[in-house]
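Here is the structure we will look at, set down as structure tokens.
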Amino acid sequence: MTAVESFANGISSTLAPPNGINHTESPAVPSTPAPFDTSLFRAYLLGLLPSIIGATQSELEESLIENDFDEKVSRFATEPNGVIFFVKRKVDNNDTPTTYTYHLTQNLTYTPSHVMTIALIKRTPVLDLSTSLATQLQILNLFGGEETPYESLHAVVSSAIKPWFDAFVGARGGAKDGDGKMGIPVTKKKFAELELSLLHLQQNVEIPETHLVIKPEIQQAVQAAESNGQRPNISHLPAHLVNDSTFLNGLHQNVNQWIKSIQTVTKLSRDVSSGTASQEINFWLSMERALEGIENQLRSEEVNLVMECLRNAKRFRATVSFIADTGLKEATDLVHNNNILMKDFPLDSLLSATDLDKINESLSLVFGHINRKLKLSPYPIRRALPLVEAISRDFNDQLLRVLTSHRLTYTPYETFERLLNQTQTIFRTWDEQTKEFTNVAREVQRKRQEKFIPIKINPAHQKLMERARYLRDWRKQHEQLAVMTGPTKGLASVGKGLGGLNMEEEVKEAYEAIKSIDVLDVSVEGTEIWVAAENAYNERVARVENQIISRLRERLGTARNANEMFRVFSKFNALFVRHKIRGAIQEYQTQLIDSVKDDIKRLHDKFKTQYRYSEAYHMAQMRDLPPIAGAIIWARQIERQLLTYMKRVEDVLGGKNWEHYGEGQKLHAESTAFRKKLDTRPVYEAWLHDINRREMGVNGRLFEILRIRGGFQLAVNFDPQIITLFKEVRNLYWLGFQVPHAISNMAKDAKLVYPHAVSLMETVRTYQQTLDLVEANKGIEWLLAEYRNEAQTMISKGMNLKWDYFVNHYDTARYTSADARDNRHIQYVREFASVVSVLQDKTNNLIDLYKEISRMVDDLVTCPYSAEVFSDLIGKVQALIDKLNLEGYANLEHWVAELDQRIETILIGRLTHIIQVWCTEFDRSEDDVRREPPLRDITNKKRDRRKDEKVLDDGLMLKPIIHEIRIQNQVIYLDPPIEHARQTWIQQLHEWLGVVCRLKRIQSARYELGLQIKKGQVAPEPTYTSLLTKLPEGALEKPFGLIEVKIQQIRDYVGKWLQFQSLWDLEAEYVFNRLGDSLSHWQQLLSEIKKARSTFDTSGSSKSFGVCVIEYEQVQARVNAKYDAWQRDILSRFGVKLGNAMKEIHASILKARNDLEHQSIEGLIGGGVRRF
């Protein structure tokens, strides 16, 4: 696709159809279109083209009877391709007149014989014969001819497409933000760049292309050498040609032709004063490309071979001066030097600018480039001046184009004012940039030592600048008149009552005379049109001015006082620039004078209230104004108000000579008399007399000791009146009074001493406040001792200093160097302030830290008994002590020792309490345990052991110990042993005590501990373990005694279980033999067996001793079974033994009975009692 076709397709949606037919919404395309009738399309072309393309009906009919016409038209009508071209070409015949050919095509090409192309662009995908073809087609005429089509394309873009797009955007309205979001500014810029590019193509100076003619023999030799991979030389030519004079003459002629061809380029030049700046820039850039092409050809192998042949034939005349004859080197150097300026020249930013801001920016870019590159490039100044003038022409055209697009006379005044302000800014930018260019040009001309030429630029926009400035002032006056005659000012309604003139409409109609002309046309004809329109405007406005004068007189006549009059004047003062209106206010002098008299009387009353009782006096005190200066300022304010009233009278009564009128003379006299009363000189002289009467001076010692109730107080020996004196003198100087030299010197002395006196007063006050703070916060005196001693040392040092030293220092400072002797008295004030400031800062900081430390130490009393809490509090205290150490507080070791004693006391109390808690918890009796919920079986107990732990109020836990009586291999034992309980309880006690004892002691010099390391051994970190030695007597023995008691109880109980080991260890026969036949022994054993059964024959499975539980479930059943077996055996044996004994006793009794029965009573009595 060619460039013309691409452009035609790109703008197919922007042009309206011919004959003024407006675009309408395209009809819906039928779903099944009928076959296209090409005869209708042929008829449409025959009616359209004759007037457009300049052809007769017969010529067109011949071209439209082509064989493929119907096919082309049908394809165009039904296929998506949206364009078809009707091309007109010229046929040149030397013998016959010029003829033209016409044909229809969808593939556009361009040839030199091209004359004109008509582009028919579809607006719908398919043409519909039921609707007029005029509403479905767009027509675009693309001219050609002998020249390039740049002019035609430029005209289409600049005169049709771009204005139509601007009109469409302007008709839509809307804010700039909305346009920016839709890309409208970018589109405008692209249009401007396209227009500029076409203009550049149109304006380019054609540099003739140079093609060096090479003989075929040379070309063949070069091709042969290159095909063999060799560099061409004379050996590659046939031998007979090397010395052939005809061949060599031909080469010589070719070289001469080369020289002439190259000279046509190297000697090419142009007049910079004619044409545009773009043409000058493009000329040099094109020259560079042309010369580079020539150099590339001269470096070719063919040219080298030609030169080698001529040198071989001794034709040195053609080879030696070849380059010099062409002038190529000089031309290349000239073009290269000039292109230093021409390359990257930002002229396009000016030519494509679409608004005033971009024009302003482009001027800075253009002249910045010129001023910068002109110092580097030898571009002649005589060419640079007309180049700038050419830029001025481009600038004038571009500025005129932008301003014209805004239609200045139709825009609102705010927009007009903004545009003209921007325009004036642009003109100022041009003036500034050209001034800078002029300076650079003169400097460059001087350095190059060129022939002097006047550096003067004749800008092409001078008339436009003058017209814009005049137009701005004229529109401002018109706008003021239009506003005053508008409905908001109340002048538009007086029309018919004062002659039947509607002022608002009259001003609008007067403006219509200006509105319809081109106000920016500065040509001779345009200027004449402007003058005629302005005269017509002035004639109509004169009637409005007369009516405004009548309205002003009415308003001033109804004014009751000067304020109302001046309100009228302030309302219409914008019209006083018009001479007729200005003269109307001169009739109201008497009324205004009377009202001004009333205002002056009020000033009299204000003055008579006196300064001391006025509000200004209190305001002066707030602003640190001394009394005399404040009174003078107050009087001058009244005087200034009086002058304001007089100035108003001057404005209204007709100028500077108003006091020559009768009433004016009287008012002038009254104001003069009042001004005499307002004279502040007597106040000033009374102040001088009072100062001279007093004995004031800067002398005496710096400090004094005042006796106060209950003691003494340090104070600064400085009279406050001295401070007031120098403030009065300072303000009086500002007010223009000449203070006597003696008082001035006294004030200077006071001023010199004042900063130091104020500094000392503030320092002493700060010192006293700091001492009060130290007194109110007991416990920090030791830490501040060093800083307090420094402050006291400074005070004792300053007791011997006098104020005279400060004054004398400044008297001698002018005669001694500043480095020679820095006055020690001034240095003392600074040092004293610095020392007290340090004391204050250290005190405030220490109080905050001390309060924080005290709070943390107090928290040790009530905080939970936890190592984390104690360590956190002690760590924070230590961190604050380290901070005190880093900040250099004195006596820190002593202060920390006292603080450590305080902490020890608190921790000993916590230890004593926790031992009591431990003992109470440890010594809980078995009854206390029984009051708790009953224990579950051993499995549940192991699972819920955490529930059985005894949680203390202090956050510690005393975990119960579980021992189990086991039997294994017929051996009864306790698991774990009793010693484990002792170890565990002592360890728990140590853990409770270790919460405090393991705490790190606070230290005052942790940063110096590194110095105590000797031979690689680090000193152990101190803790509070030593507190155990400071506990109350018997406090630590009690828990250990309780442990031993508890151990003994457990041992006794466990011993009973261990006795059952004998059930397995004893032999039955051994036991029976030991018992023998003594029934009493057997009966005693049975009683003991019955008693011992109570140990294991219970419903429970454990025995609790408070913090210890003995589990015997495992051994209980086996002991019970073994016990039952033993008991059965013993009972069985005992039964046998008892039976035998009963039998023996029965036998004995039976025998004794028998014996008794055989004995007589007498024998019994005489024989004594029988013993069994």
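Here's how to read the names in the structure tokens: chain A, B, ... by the order shown, residue numbers from 1 in each chain, ligand numbers from 1 in the order shown.
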(message) Neighbouring residues of A:Leu341 were defined as those with any atom within 9 Å, considering only C-alpha atoms; residues of the same chain fewer than 2 positions away were excluded. Please report them as a ChimeraX atom specification.
(response) /A:281,337-339,343-345,369-370,372-374,376-379
Just C-alpha atoms for this one: save the residues we selected as an mmCIF file, in the first residue's frame.
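Full text of selection-v3.cif as output:
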```
data_model
loop_
_atom_site.group_PDB
_atom_site.id
_atom_site.type_symbol
_atom_site.label_atom_id
_atom_site.label_comp_id
_atom_site.auth_asym_id
_atom_site.auth_seq_id
_atom_site.Cartn_x
_atom_site.Cartn_y
_atom_site.Cartn_z
ATOM 1 C CA ILE A 281 18.104 23.548 9.033
ATOM 2 C CA ASN A 337 30.722 22.678 11.680
ATOM 3 C CA ASN A 338 27.334 24.164 10.809
ATOM 4 C CA ASN A 339 25.498 20.969 11.728
ATOM 5 C CA LYS A 343 21.501 18.823 14.623
ATOM 6 C CA ASP A 344 18.764 18.226 17.202
ATOM 7 C CA PHE A 345 17.489 21.753 16.596
ATOM 8 C CA HIS A 369 20.000 25.345 21.898
ATOM 9 C CA ILE A 370 21.218 28.301 19.815
ATOM 10 C CA ARG A 372 24.692 26.747 23.745
ATOM 11 C CA LYS A 373 25.672 25.444 20.304
ATOM 12 C CA LEU A 374 26.722 28.816 18.874
ATOM 13 C CA LEU A 376 30.756 25.401 19.924
ATOM 14 C CA SER A 377 29.894 25.781 16.243
ATOM 15 C CA PRO A 378 31.656 28.225 13.866
ATOM 16 C CA TYR A 379 28.275 29.002 12.304
#
```
(message) I need the residues of stretch 624-856 of chain A that end up classed as strand (DSSP E) by DSSP on the backbone, written out as a VMD selection string.
(response) chain A and resid 703 to 708 711 to 716
Output C-alpha atoms for every residue in that selection, as a short mmCIF file (atom, residue, chain, number, x, y, z; two decimals), in the first residue's frame.
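Written out: selection-v7.cif:
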```cif
data_model
loop_
_atom_site.label_atom_id
_atom_site.label_comp_id
_atom_site.auth_asym_id
_atom_site.auth_seq_id
_atom_site.Cartn_x
_atom_site.Cartn_y
_atom_site.Cartn_z
CA PHE A 703 25.51 39.60 91.41
CA GLU A 704 24.01 40.74 94.65
CA ILE A 705 22.79 38.86 97.71
CA LEU A 706 19.28 39.69 98.86
CA ARG A 707 18.08 39.02 102.37
CA ILE A 708 14.79 37.23 102.39
CA GLY A 711 17.85 33.24 104.54
CA PHE A 712 19.47 34.82 101.50
CA GLN A 713 18.89 34.74 97.77
CA LEU A 714 21.17 35.26 94.77
CA ALA A 715 20.06 37.97 92.28
CA VAL A 716 21.47 39.89 89.28
#
```
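For the residues A:Gln1048, A:Ser273, A:Gln970, A:Leu140, ranking by smallest atom-to-atom distance to A:Ser1062 using only C-alpha atoms places A:Gln970 first.
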(request) Pick out each residue of stretch 319-382 of chain A that DSSP on the backbone tags as alpha helix (DSSP H); I need them as a ChimeraX atom specification. (result) /A:319,322-326,328-342,347-351,356-374,381-382
(message) So that I can check the surroundings of A:Asn249, please list as number ranges by chain every protein, DNA and RNA residue that reaches within 12 Å of it, counting only C-alpha atoms and ignoring chain neighbours fewer than 4 positions away.
(response) A: 215, 241-245, 253-256, 306, 309-310, 313, 315, 318
(message) Just checking: using only C-alpha atoms, which residue out of A:Val483, A:Leu688, A:Leu356, A:Ile723 ends up closest to A:Ile426?
(response) A:Leu356
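Comparing the minimum interatomic distances between A:Gly909 and each of A:Leu989, A:Val838, A:Ala897, A:Ala1035, counting only C-alpha atoms, we find that A:Ala1035 sits nearest.
The neighbours of stretch 1023-1034 of chain A here are the residues that come within 9 Å of it, using only C-alpha atoms and leaving out any residue fewer than 2 positions away in the same chain; they are Glu904, Leu907, Ile908, Gly909, Leu911, Thr912, Leu993, Gly994, Val996, Cys997, Arg998, Leu999, Lys1000, Arg1001, Ile1002, Glu1021, Leu1036, Glu1037 and Lys1038 of chain A.
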